[in-house]
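This is model_32.cif. It holds mmCIF, C-alpha atoms.
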```cif
data_query
loop_
_atom_site.label_atom_id
_atom_site.label_comp_id
_atom_site.auth_asym_id
_atom_site.auth_seq_id
_atom_site.Cartn_x
_atom_site.Cartn_y
_atom_site.Cartn_z
CA MET A 1 0.00 0.00 0.00
CA TYR A 2 2.71 2.50 0.95
CA ILE A 3 5.50 1.63 -1.47
CA GLY A 4 3.44 0.78 -4.56
CA SER A 5 4.63 -2.78 -5.13
CA THR A 6 6.83 -5.58 -3.81
CA SER A 7 8.71 -5.79 -7.11
CA GLY A 8 11.99 -4.04 -7.93
CA ARG A 9 10.16 -0.72 -7.98
CA GLY A 10 9.06 -1.08 -4.37
CA LEU A 11 12.50 -2.34 -3.36
CA HIS A 12 14.15 0.80 -4.73
CA HIS A 13 11.42 3.00 -3.27
CA LEU A 14 12.56 1.98 0.24
CA VAL A 15 15.84 3.82 -0.31
CA TRP A 16 14.10 7.08 -1.17
CA GLU A 17 11.86 6.94 1.90
CA ILE A 18 14.97 7.10 4.12
CA VAL A 19 16.77 9.59 1.86
CA ASP A 20 13.65 11.82 1.84
CA ASN A 21 13.94 12.20 5.62
CA SER A 22 17.51 13.44 5.17
CA ILE A 23 16.42 15.79 2.38
CA ASP A 24 13.74 17.22 4.68
CA GLU A 25 16.59 18.11 7.04
CA ALA A 26 18.41 19.78 4.13
CA LEU A 27 15.26 21.73 3.11
CA ALA A 28 14.94 22.91 6.70
CA GLY A 29 18.55 24.13 6.51
CA TYR A 30 20.28 21.58 8.77
CA CYS A 31 21.92 19.07 6.41
CA ASP A 32 24.66 19.55 3.77
CA HIS A 33 25.69 16.03 2.82
CA ILE A 34 23.81 12.76 2.29
CA GLN A 35 25.57 9.45 1.56
CA ILE A 36 23.89 6.42 0.01
CA ILE A 37 25.80 3.12 0.15
CA ILE A 38 24.86 -0.26 -1.31
CA GLU A 39 26.65 -2.67 1.02
CA LYS A 40 28.22 -5.97 -0.01
CA ASP A 41 25.23 -7.91 1.37
CA ASN A 42 22.82 -5.77 -0.72
CA SER A 43 21.66 -3.84 2.34
CA ILE A 44 21.44 -0.04 2.14
CA THR A 45 23.12 2.54 4.36
CA VAL A 46 22.02 6.19 4.36
CA ILE A 47 24.08 8.73 6.32
CA ASP A 48 23.32 12.43 6.79
CA ASP A 49 24.79 15.30 8.80
CA GLY A 50 21.41 16.72 9.92
CA ARG A 51 20.30 17.23 13.52
CA GLY A 52 19.84 13.52 14.18
CA ILE A 53 16.45 11.88 14.79
CA PRO A 54 15.09 13.08 18.19
CA VAL A 55 15.72 10.60 21.02
CA ASP A 56 13.85 12.25 23.90
CA MET A 57 10.73 10.63 25.36
CA HIS A 58 7.59 10.88 23.24
CA LYS A 59 4.89 12.13 25.64
CA LYS A 60 1.93 10.17 24.23
CA ALA A 61 3.78 6.92 23.47
CA GLY A 62 5.98 6.87 26.56
CA LYS A 63 8.89 5.68 24.41
CA PRO A 64 11.88 7.50 22.88
CA ALA A 65 10.90 9.48 19.76
CA LEU A 66 13.42 7.46 17.71
CA GLU A 67 11.61 4.20 18.51
CA VAL A 68 8.20 5.75 17.76
CA ILE A 69 9.38 7.15 14.39
CA MET A 70 10.89 3.78 13.44
CA THR A 71 7.99 1.58 14.58
CA VAL A 72 4.70 3.53 14.48
CA LEU A 73 2.97 4.50 11.22
CA HIS A 74 2.26 8.23 10.77
CA ALA A 75 4.49 9.16 13.68
CA GLY A 76 7.20 11.00 11.75
CA GLY A 77 8.26 14.58 12.38
CA LYS A 78 6.24 15.73 9.40
CA PHE A 79 3.04 15.74 11.44
CA ASP A 80 4.43 18.44 13.71
CA SER A 81 3.82 21.43 11.42
CA GLY A 82 6.69 23.33 13.02
CA THR A 83 9.29 20.74 12.05
CA TYR A 84 9.20 20.87 8.26
CA LYS A 85 7.47 23.32 5.96
CA VAL A 86 7.52 20.86 3.09
CA SER A 87 8.33 17.23 2.85
CA GLY A 88 9.00 14.79 0.06
CA GLY A 89 8.23 11.67 2.10
CA LEU A 90 4.97 9.82 2.68
CA HIS A 91 3.72 11.99 5.55
CA GLY A 92 5.79 10.42 8.28
CA VAL A 93 5.27 6.79 7.31
CA GLY A 94 8.64 6.52 5.58
CA ALA A 95 11.04 5.16 8.21
CA SER A 96 8.50 2.89 9.90
CA VAL A 97 7.41 1.36 6.60
CA VAL A 98 11.02 0.70 5.56
CA ASN A 99 11.68 -0.84 8.97
CA ALA A 100 8.56 -3.05 8.79
CA LEU A 101 9.56 -4.31 5.32
CA SER A 102 13.16 -5.03 6.34
CA GLU A 103 14.58 -8.27 7.63
CA ARG A 104 16.79 -6.16 9.89
CA CYS A 105 17.41 -2.47 10.44
CA GLU A 106 19.86 -0.43 12.56
CA VAL A 107 19.83 3.26 13.37
CA TYR A 108 22.71 5.31 14.79
CA VAL A 109 21.92 8.86 15.94
CA HIS A 110 24.60 11.47 16.65
CA ARG A 111 22.96 14.08 18.86
CA ASP A 112 23.73 16.18 21.96
CA GLY A 113 27.28 14.82 22.15
CA LYS A 114 26.10 11.20 22.41
CA LEU A 115 25.80 8.31 19.95
CA TYR A 116 22.46 6.52 20.29
CA TYR A 117 21.66 3.12 18.78
CA GLN A 118 18.68 0.85 18.25
CA SER A 119 18.27 -2.26 16.08
CA TYR A 120 15.12 -3.99 14.80
CA GLN A 121 13.99 -7.24 13.23
CA ARG A 122 11.03 -7.02 10.83
CA GLY A 123 10.09 -3.73 12.47
CA ILE A 124 10.28 -4.90 16.10
CA PRO A 125 13.01 -3.42 18.37
CA ASN A 126 15.63 -5.91 19.58
CA ASP A 127 16.34 -3.76 22.63
CA GLU A 128 15.81 -0.26 24.02
CA VAL A 129 17.45 2.84 22.57
CA LYS A 130 20.98 2.86 24.06
CA VAL A 131 23.87 5.30 24.32
CA ILE A 132 26.86 3.46 22.84
CA GLY A 133 29.43 6.27 22.76
CA GLU A 134 30.25 9.94 22.61
CA THR A 135 30.33 12.06 19.45
CA ASP A 136 31.29 15.53 18.29
CA LYS A 137 28.95 15.59 15.28
CA THR A 138 25.24 15.40 14.52
CA GLY A 139 23.33 13.26 12.06
CA THR A 140 21.65 9.93 11.44
CA LYS A 141 22.91 6.67 9.94
CA THR A 142 20.37 4.03 8.91
CA ASN A 143 21.20 0.56 7.59
CA PHE A 144 18.43 -1.77 6.41
CA LYS A 145 18.19 -5.11 4.61
CA PRO A 146 14.89 -5.59 2.71
CA ASP A 147 12.93 -8.68 3.74
CA PRO A 148 13.33 -11.48 1.14
CA GLU A 149 9.97 -12.94 2.25
CA ILE A 150 8.28 -9.74 1.00
CA PHE A 151 10.47 -8.82 -1.97
CA THR A 152 10.29 -12.21 -3.61
CA GLU A 153 10.94 -11.04 -7.20
CA THR A 154 14.34 -9.47 -6.54
CA GLU A 155 16.56 -8.46 -3.65
CA GLU A 156 19.20 -6.95 -5.93
CA TYR A 157 19.59 -3.20 -6.10
CA GLU A 158 20.29 -1.73 -9.52
CA TYR A 159 23.09 0.79 -9.19
CA GLU A 160 22.16 2.73 -12.35
CA GLN A 161 18.60 3.25 -11.15
CA LEU A 162 19.77 4.58 -7.77
CA LEU A 163 22.47 6.68 -9.45
CA HIS A 164 19.96 8.39 -11.77
CA ARG A 165 17.68 9.41 -8.90
CA THR A 166 20.63 10.52 -6.74
CA ARG A 167 21.78 12.87 -9.50
CA GLU A 168 18.21 14.13 -9.98
CA LEU A 169 17.83 14.89 -6.26
CA ALA A 170 21.11 16.83 -6.28
CA TYR A 171 19.84 18.96 -9.19
CA LEU A 172 16.49 19.54 -7.45
CA ASN A 173 18.13 20.58 -4.18
CA LYS A 174 20.82 23.08 -5.12
CA GLN A 175 23.95 23.24 -2.96
CA LEU A 176 23.21 19.88 -1.34
CA LYS A 177 25.95 17.27 -1.74
CA ILE A 178 24.70 13.73 -2.34
CA SER A 179 27.01 10.79 -2.90
CA ILE A 180 26.41 7.18 -3.82
CA GLU A 181 28.72 4.17 -3.59
CA ASP A 182 28.34 0.52 -4.60
CA ARG A 183 30.41 -1.64 -2.25
CA ARG A 184 29.48 -4.78 -4.15
CA GLU A 185 32.12 -3.73 -6.70
CA GLU A 186 35.76 -4.92 -6.50
CA GLU A 187 37.07 -1.38 -6.08
CA PRO A 188 34.13 0.74 -4.97
CA GLU A 189 34.32 4.46 -5.59
CA ALA A 190 31.75 7.00 -4.45
CA GLU A 191 30.21 9.32 -7.04
CA HIS A 192 29.50 12.81 -5.71
CA PHE A 193 26.83 15.22 -6.97
CA TYR A 194 26.63 18.89 -6.05
CA TYR A 195 25.07 21.61 -8.16
CA GLU A 196 25.47 25.25 -7.25
CA GLY A 197 22.87 26.23 -9.87
CA GLY A 198 20.40 23.40 -9.19
CA ILE A 199 17.75 22.99 -11.89
CA ALA A 200 19.41 25.60 -14.16
CA GLU A 201 22.30 23.11 -14.43
CA TYR A 202 19.78 20.28 -14.88
CA VAL A 203 18.34 22.00 -17.98
CA GLU A 204 21.88 22.40 -19.37
CA HIS A 205 22.50 18.70 -18.70
CA LEU A 206 19.30 17.72 -20.56
CA ASN A 207 20.30 19.95 -23.50
CA ARG A 208 23.95 18.85 -23.53
CA LYS A 209 23.67 17.12 -26.94
CA ARG A 210 21.75 19.94 -28.59
CA GLU A 211 22.55 23.40 -29.93
CA THR A 212 21.04 25.89 -27.46
CA LEU A 213 19.79 29.40 -28.25
CA HIS A 214 20.67 31.05 -24.92
CA GLU A 215 21.80 30.48 -21.32
CA PRO A 216 19.18 28.89 -19.00
CA ILE A 217 16.54 31.32 -17.73
CA TYR A 218 16.05 30.67 -14.01
CA GLY A 219 13.69 32.05 -11.37
CA GLU A 220 12.42 31.23 -7.89
CA SER A 221 9.84 32.84 -5.61
CA ASP A 222 7.18 31.90 -3.12
CA ILE A 223 3.59 32.89 -2.38
CA ASP A 224 1.62 31.59 0.65
CA ASP A 225 4.37 29.11 1.68
CA ILE A 226 4.38 27.59 -1.82
CA THR A 227 7.74 27.88 -3.57
CA VAL A 228 7.97 27.76 -7.36
CA GLU A 229 11.32 27.29 -9.08
CA PHE A 230 11.76 27.11 -12.85
CA ALA A 231 14.54 26.82 -15.42
CA ILE A 232 13.99 26.99 -19.18
CA GLN A 233 16.26 26.87 -22.22
CA TYR A 234 15.41 26.67 -25.91
CA ASN A 235 17.40 24.53 -28.32
CA ASP A 236 17.38 24.29 -32.13
CA GLY A 237 15.29 21.09 -32.10
CA PHE A 238 11.56 20.58 -32.48
CA ALA A 239 10.71 18.48 -29.43
CA SER A 240 9.35 19.95 -26.23
CA ASN A 241 10.66 18.50 -22.94
CA ILE A 242 8.90 19.71 -19.82
CA TYR A 243 9.66 18.01 -16.51
CA SER A 244 7.71 18.92 -13.39
CA PHE A 245 8.33 18.04 -9.75
CA THR A 246 6.50 18.53 -6.46
CA ASN A 247 8.52 18.19 -3.25
CA ASN A 248 11.20 16.39 -5.33
CA ILE A 249 8.66 13.85 -6.63
CA HIS A 250 8.56 13.66 -10.43
CA THR A 251 4.98 14.47 -11.48
CA ALA A 252 5.12 12.47 -14.70
CA GLU A 253 1.46 13.19 -15.50
CA GLY A 254 1.94 16.93 -14.94
CA GLY A 255 -0.78 18.78 -13.06
CA THR A 256 -1.71 22.28 -11.99
CA HIS A 257 1.89 23.59 -11.78
CA GLU A 258 2.58 22.44 -15.34
CA SER A 259 -0.64 23.88 -16.76
CA GLY A 260 -0.03 27.22 -14.97
CA PHE A 261 3.45 27.34 -16.48
CA LYS A 262 2.24 26.52 -20.03
CA THR A 263 -0.53 29.14 -19.93
CA ALA A 264 1.88 31.81 -18.70
CA LEU A 265 4.57 30.92 -21.27
CA THR A 266 2.18 31.35 -24.22
CA ARG A 267 0.62 34.55 -22.88
CA VAL A 268 3.93 36.26 -21.96
CA ILE A 269 5.55 35.53 -25.34
CA ASN A 270 2.48 36.78 -27.26
CA ASP A 271 2.22 39.92 -25.09
CA TYR A 272 5.91 40.71 -25.53
CA ALA A 273 5.82 40.15 -29.30
CA ARG A 274 2.72 42.35 -29.76
CA LYS A 275 4.09 45.19 -27.62
CA ASN A 276 7.40 45.15 -29.46
CA HIS A 277 5.83 44.87 -32.94
CA LEU A 278 7.45 41.50 -33.68
CA TYR A 279 4.18 40.30 -35.25
CA LYS A 280 2.61 41.81 -38.34
CA GLU A 281 -0.76 43.49 -37.75
CA ASN A 282 -2.77 40.53 -39.06
CA ASP A 283 -0.57 37.75 -37.68
CA PRO A 284 -2.47 35.39 -35.38
CA ASN A 285 -1.12 34.79 -31.87
CA LEU A 286 1.22 31.84 -31.38
CA ILE A 287 -0.39 28.79 -29.80
CA GLY A 288 1.06 26.60 -27.04
CA ASP A 289 2.63 24.08 -29.44
CA ASP A 290 4.45 26.91 -31.25
CA VAL A 291 6.05 28.45 -28.16
CA ARG A 292 7.02 25.05 -26.73
CA GLU A 293 8.89 23.85 -29.82
CA GLY A 294 12.54 23.24 -28.88
CA LEU A 295 11.88 24.05 -25.21
CA THR A 296 13.48 22.23 -22.31
CA ALA A 297 11.90 23.25 -19.01
CA ILE A 298 11.87 22.17 -15.38
CA ILE A 299 9.19 23.32 -12.96
CA SER A 300 9.82 22.43 -9.32
CA VAL A 301 7.24 23.23 -6.66
CA LYS A 302 7.60 22.85 -2.90
CA HIS A 303 4.18 22.60 -1.25
CA PRO A 304 3.30 22.02 2.43
CA ASP A 305 0.24 19.92 1.53
CA PRO A 306 0.37 18.48 -1.98
CA GLN A 307 -2.65 16.61 -3.36
CA PHE A 308 -1.72 13.96 -5.93
CA GLU A 309 -4.14 12.37 -8.35
CA GLY A 310 -4.10 10.53 -11.68
CA GLN A 311 -3.48 6.89 -12.53
CA THR A 312 -0.18 6.58 -10.65
CA LYS A 313 -0.55 9.46 -8.17
CA THR A 314 1.96 11.47 -10.18
CA LYS A 315 -0.30 14.39 -11.11
CA LEU A 316 -0.49 17.48 -8.90
CA GLY A 317 -4.09 18.47 -8.18
CA ASN A 318 -3.89 21.57 -5.94
CA SER A 319 -5.88 24.24 -7.82
CA GLU A 320 -4.13 27.21 -6.15
CA VAL A 321 -0.79 26.07 -7.58
CA ARG A 322 -1.95 26.85 -11.13
CA THR A 323 -2.44 30.55 -10.31
CA ILE A 324 0.72 30.81 -8.18
CA THR A 325 2.94 29.16 -10.82
CA ASP A 326 1.40 31.35 -13.53
CA GLN A 327 1.99 34.52 -11.48
CA ILE A 328 5.58 33.74 -10.44
CA PHE A 329 6.67 32.54 -13.88
CA SER A 330 4.92 35.44 -15.69
CA ASP A 331 6.60 38.07 -13.49
CA LYS A 332 10.10 36.63 -13.81
CA PHE A 333 9.89 35.68 -17.49
CA SER A 334 8.38 39.05 -18.60
CA THR A 335 11.19 40.87 -16.78
CA PHE A 336 13.78 38.63 -18.44
CA LEU A 337 12.40 39.30 -21.94
CA ILE A 338 12.37 43.08 -21.38
CA GLU A 339 15.97 43.02 -20.07
CA ASN A 340 17.25 40.64 -22.79
CA PRO A 341 15.73 41.82 -26.11
CA LYS A 342 18.15 39.77 -28.23
CA VAL A 343 17.19 36.46 -26.58
CA ALA A 344 13.52 37.54 -26.51
CA ARG A 345 13.60 38.06 -30.29
CA GLN A 346 15.18 34.61 -30.81
CA ILE A 347 12.46 32.97 -28.71
CA VAL A 348 9.67 34.79 -30.60
CA GLU A 349 11.24 33.93 -33.98
CA LYS A 350 11.53 30.26 -32.99
CA GLY A 351 7.77 30.29 -32.23
CA LEU A 352 6.95 32.11 -35.48
CA MET A 353 8.87 29.51 -37.50
CA ALA A 354 6.93 26.73 -35.75
CA SER A 355 3.67 28.57 -36.44
CA ARG A 356 4.44 29.03 -40.17
CA ALA A 357 5.40 25.36 -40.53
CA ARG A 358 2.21 24.30 -38.75
CA ILE A 359 -0.01 26.51 -40.96
CA ALA A 360 1.78 25.35 -44.16
CA ALA A 361 1.34 21.70 -43.17
CA LYS A 362 -2.36 22.33 -42.55
CA LYS A 363 -2.81 23.94 -45.98
CA SER A 364 -1.06 21.13 -47.82
CA ALA A 365 -2.98 18.41 -45.95
#
```
Render the structure in this file as structure tokens.
Amino acid sequence: MYIGSTSGRGLHHLVWEIVDNSIDEALAGYCDHIQIIIEKDNSITVIDDGRGIPVDMHKKAGKPALEVIMTVLHAGGKFDSGTYKVSGGLHGVGASVVNALSERCEVYVHRDGKLYYQSYQRGIPNDEVKVIGETDKTGTKTNFKPDPEIFTETEEYEYEQLLHRTRELAYLNKQLKISIEDRREEEPEAEHFYYEGGIAEYVEHLNRKRETLHEPIYGESDIDDITVEFAIQYNDGFASNIYSFTNNIHTAEGGTHESGFKTALTRVINDYARKNHLYKENDPNLIGDDVREGLTAIISVKHPDPQFEGQTKTKLGNSEVRTITDQIFSDKFSTFLIENPKVARQIVEKGLMASRARIAAKKSA
């Protein structure tokens, strides 16, 4: 129910539930580096330098918070609205679900000068939370081995699949260092990802094999606790590649953020072209397909309460996000076009060429 399937997809999803908790720490401003390690025995270790999972007594449960977070569904820090503004995980079920679906799991917490430890078997604690040493750092280290009785199809982690998502998360969370290492290899070597420019660098990466028309256009702003970040770059091709994300989750079916962006893109380009007499008097406005030809774009939204819908829950449904994305993108993109008339003209001309080709094709059909 929580991880989608018990196939390879579900197996890999376990990793991201633990990593998401570390990314929440990074989004809150407390974590700079996350390490993901595939161990020799095909278990997974995730290490971060955040504040460390709380270990004090949980008032309602009468147990240490660490044990509650690791063993009780919906008990994660995300339900305390003051802890995280936004979260990529499954509303606090992440760690406990991973623990329940693991043959064994161990957590080490560096906090308040002490090193705390607890281990579990199939979600049940082997012992109480213990202090096993002193420490001069903060952070959490989790090691888990998925349960072969549940993941019957495969227990093997695919390095390339984990690598791709690790790189993507580094792009989506600028200035966060994420590394991944496969210790099943003869001579394992960690691969490190860190992007100062975040999604602006992601767009460049996606366009690396194409001829681009300009540097990436990047903007970020927030309204009502909803942050919208975008990066766009046109290339000389004909395909349109728009990738949207909500709280680092790829919204493959799009949604309100994507439709707000598309509406704004078409309107802003048409408005600019009309005001600057780049259209002839009788020229029709460009349509969405025209202005998106050769466009590579990333729209990343951080939302405190995202509503997902669609076939695979990968479509954002929050209606207010459409207006907010439209407003933020319109403001930033209009300003860019006014300040960069040369690039603005190239973008308009690209759309006009697409429009002429479309009209000619229609006539000859």
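Of the listed residues (A:Asp222, A:Glu211, A:Glu128, A:Asp290), A:Asp290 comes nearest to Ser355 of chain A; the distances count all atoms listed in the file.
When all atoms listed in the file are used to measure the gap to Ser221 of chain A, the shortest distance among A:Tyr30, A:Trp16, A:Phe336, A:Phe329 belongs to A:Phe329.
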| Nearest candidate to Glu189 of chain A (options A:Ala354, A:Ile38, A:Val97, A:Ala360; using only C-alpha atoms) | A:Ile38
| task | Identify, on the basis of only C-alpha atoms, every residue whose closest approach to segment 320-326 of chain A does not exceed 8 Å; exclude the query and any residue fewer than 3 positions from it along the same chain; express the result as a list in words. | result | Ile223, Ile226, Val228, Thr256, His257, Glu258, Ser259, Gly260, Phe261, Thr263, Ala264, Phe329 and Ser330 of chain A
Can those selected residues be exported to a file as a PDB file, keeping the file's coordinate frame so that it contains C-alpha atoms?
```pdb
ATOM      1  CA  ILE A 223       3.590  32.890  -2.380  1.00  0.00           C
ATOM      2  CA  ILE A 226       4.380  27.590  -1.820  1.00  0.00           C
ATOM      3  CA  VAL A 228       7.970  27.760  -7.360  1.00  0.00           C
ATOM      4  CA  THR A 256      -1.710  22.280 -11.990  1.00  0.00           C
ATOM      5  CA  HIS A 257       1.890  23.590 -11.780  1.00  0.00           C
ATOM      6  CA  GLU A 258       2.580  22.440 -15.340  1.00  0.00           C
ATOM      7  CA  SER A 259      -0.640  23.880 -16.760  1.00  0.00           C
ATOM      8  CA  GLY A 260      -0.030  27.220 -14.970  1.00  0.00           C
ATOM      9  CA  PHE A 261       3.450  27.340 -16.480  1.00  0.00           C
ATOM     10  CA  THR A 263      -0.530  29.140 -19.930  1.00  0.00           C
ATOM     11  CA  ALA A 264       1.880  31.810 -18.700  1.00  0.00           C
ATOM     12  CA  PHE A 329       6.670  32.540 -13.880  1.00  0.00           C
ATOM     13  CA  SER A 330       4.920  35.440 -15.690  1.00  0.00           C
TER      14      SER A 330
END
```
| message | Can you spell out as a PyMOL selection string the set of residues that the PyMOL selection byres ((chain A and resi 212) around 6) selects in the structure I just provided? | response | chain A and resi 211+213-214+234-235
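The space separating atom CA of Lys174 of chain A from atom CA of Ile47 of chain A comes to 18.6 Å.
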| Residues picked by the PyMOL selection byres ((chain A and resi 301-308) around 6) here, as a PyMOL selection string? | chain A and resi 85-86+226-228+246-247+300+309+313+315-318
| query | Do you have the atom CA of His192 of chain A-atom CA of Ile178 of chain A distance handy? | reply | 5.9 Å
| query | Near Thr335 of chain A, within 12 Å and counting all atoms listed in the file, which residues show up once chain neighbours fewer than 2 positions away are dropped, as a ChimeraX atom specification? | reply | /A:217-219,268-269,272,328-333,337-341,344
What would the file look like if the residues just selected were written as a PDB file, keeping the file's coordinate frame with C-alpha atoms?
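part.pdb, written as the output of this step:
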```pdb
ATOM      1  CA  ILE A 217      16.540  31.320 -17.730  1.00  0.00           C
ATOM      2  CA  TYR A 218      16.050  30.670 -14.010  1.00  0.00           C
ATOM      3  CA  GLY A 219      13.690  32.050 -11.370  1.00  0.00           C
ATOM      4  CA  VAL A 268       3.930  36.260 -21.960  1.00  0.00           C
ATOM      5  CA  ILE A 269       5.550  35.530 -25.340  1.00  0.00           C
ATOM      6  CA  TYR A 272       5.910  40.710 -25.530  1.00  0.00           C
ATOM      7  CA  ILE A 328       5.580  33.740 -10.440  1.00  0.00           C
ATOM      8  CA  PHE A 329       6.670  32.540 -13.880  1.00  0.00           C
ATOM      9  CA  SER A 330       4.920  35.440 -15.690  1.00  0.00           C
ATOM     10  CA  ASP A 331       6.600  38.070 -13.490  1.00  0.00           C
ATOM     11  CA  LYS A 332      10.100  36.630 -13.810  1.00  0.00           C
ATOM     12  CA  PHE A 333       9.890  35.680 -17.490  1.00  0.00           C
ATOM     13  CA  LEU A 337      12.400  39.300 -21.940  1.00  0.00           C
ATOM     14  CA  ILE A 338      12.370  43.080 -21.380  1.00  0.00           C
ATOM     15  CA  GLU A 339      15.970  43.020 -20.070  1.00  0.00           C
ATOM     16  CA  ASN A 340      17.250  40.640 -22.790  1.00  0.00           C
ATOM     17  CA  PRO A 341      15.730  41.820 -26.110  1.00  0.00           C
ATOM     18  CA  ALA A 344      13.520  37.540 -26.510  1.00  0.00           C
TER      19      ALA A 344
END
```
| Residue neighbourhood segment 98-112 of chain A, 6 Å, only C-alpha atoms, exclusion window fewer than 3 positions, as a PyMOL selection string | chain A and resi 14+52+95+115-123+138-147
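With atom CA of Lys275 of chain A on one side and atom CA of Gly288 of chain A on the other, the separation reads 18.8 Å.
Remark: for Asn173 of chain A, the closest of the candidate residues A:Arg356, A:His205, A:His33, A:Lys40 is A:His33 (distances computed over all atoms listed in the file).
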Determine the axis-aligned bounding box of all atoms of segment 235-254 of chain A present in the file, pad each side by 5 Å, and express its centre and edge lengths in Å to one decimal place as AutoDock Vina command-line options.
```
--center_x 9.4 --center_y 18.5 --center_z -17.9 --size_x 25.9 --size_y 22.1 --size_z 39.2
```
Excluding Thr266 of chain A and its own-chain neighbours fewer than 4 positions away, which residues fall within 7 Å of it when counting all atoms listed in the file? Please give them as a PDB file with C-alpha atoms, in the coordinates of the input.
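Writing the result to result.pdb gives the following:
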```pdb
ATOM      1  CA  LYS A 262       2.240  26.520 -20.030  1.00  0.00           C
ATOM      2  CA  ASN A 270       2.480  36.780 -27.260  1.00  0.00           C
ATOM      3  CA  ILE A 287      -0.390  28.790 -29.800  1.00  0.00           C
ATOM      4  CA  GLY A 288       1.060  26.600 -27.040  1.00  0.00           C
ATOM      5  CA  VAL A 291       6.050  28.450 -28.160  1.00  0.00           C
TER       6      VAL A 291
END
```
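Ranking A:Ile124, A:Ile44, A:Ala28, A:Ile242 by their shortest atom-to-atom distance to Glu155 of chain A, with all atoms listed in the file included, puts A:Ile44 first.
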| said: Neighbouring residues of segment 158-172 of chain A were defined as those with any atom within 9 Å, considering only C-alpha atoms; residues of the same chain fewer than 3 positions away were excluded. Please report them as a VMD selection string. | reply: chain A and resid 8 12 15 to 16 23 36 38 175 to 182 191 to 202 245 248 300
How would segment 182-196 of chain A read, as a short mmCIF file (atom, residue, chain, number, x, y, z; two decimals), in the coordinates of the input, once N, CA and C atoms are built in?
```cif
data_model
loop_
_atom_site.label_atom_id
_atom_site.label_comp_id
_atom_site.auth_asym_id
_atom_site.auth_seq_id
_atom_site.Cartn_x
_atom_site.Cartn_y
_atom_site.Cartn_z
N ASP A 182 28.74 1.93 -4.50
CA ASP A 182 28.34 0.52 -4.60
C ASP A 182 29.47 -0.35 -4.08
N ARG A 183 29.34 -0.84 -2.87
CA ARG A 183 30.41 -1.64 -2.25
C ARG A 183 30.39 -3.10 -2.68
N ARG A 184 29.47 -3.42 -3.60
CA ARG A 184 29.48 -4.78 -4.15
C ARG A 184 30.58 -4.90 -5.21
N GLU A 185 31.07 -3.75 -5.67
CA GLU A 185 32.12 -3.73 -6.70
C GLU A 185 33.47 -4.10 -6.09
N GLU A 186 34.39 -4.56 -6.94
CA GLU A 186 35.76 -4.92 -6.50
C GLU A 186 36.46 -3.72 -5.86
N GLU A 187 36.45 -2.61 -6.60
CA GLU A 187 37.07 -1.38 -6.08
C GLU A 187 36.03 -0.27 -6.05
N PRO A 188 35.22 -0.24 -5.00
CA PRO A 188 34.13 0.74 -4.97
C PRO A 188 34.65 2.18 -4.90
N GLU A 189 33.96 3.05 -5.61
CA GLU A 189 34.32 4.46 -5.59
C GLU A 189 33.04 5.29 -5.54
N ALA A 190 32.97 6.19 -4.59
CA ALA A 190 31.75 7.00 -4.45
C ALA A 190 31.67 8.02 -5.58
N GLU A 191 30.44 8.25 -6.06
CA GLU A 191 30.21 9.32 -7.04
C GLU A 191 29.50 10.45 -6.30
N HIS A 192 30.03 11.66 -6.45
CA HIS A 192 29.50 12.81 -5.71
C HIS A 192 28.75 13.76 -6.65
N PHE A 193 27.61 14.25 -6.19
CA PHE A 193 26.83 15.22 -6.97
C PHE A 193 26.57 16.47 -6.13
N TYR A 194 26.86 17.61 -6.72
CA TYR A 194 26.63 18.89 -6.05
C TYR A 194 26.45 19.94 -7.13
N TYR A 195 25.33 20.63 -7.11
CA TYR A 195 25.07 21.61 -8.16
C TYR A 195 24.74 22.97 -7.54
N GLU A 196 25.64 23.88 -7.75
CA GLU A 196 25.47 25.25 -7.25
C GLU A 196 24.21 25.88 -7.86
#
```
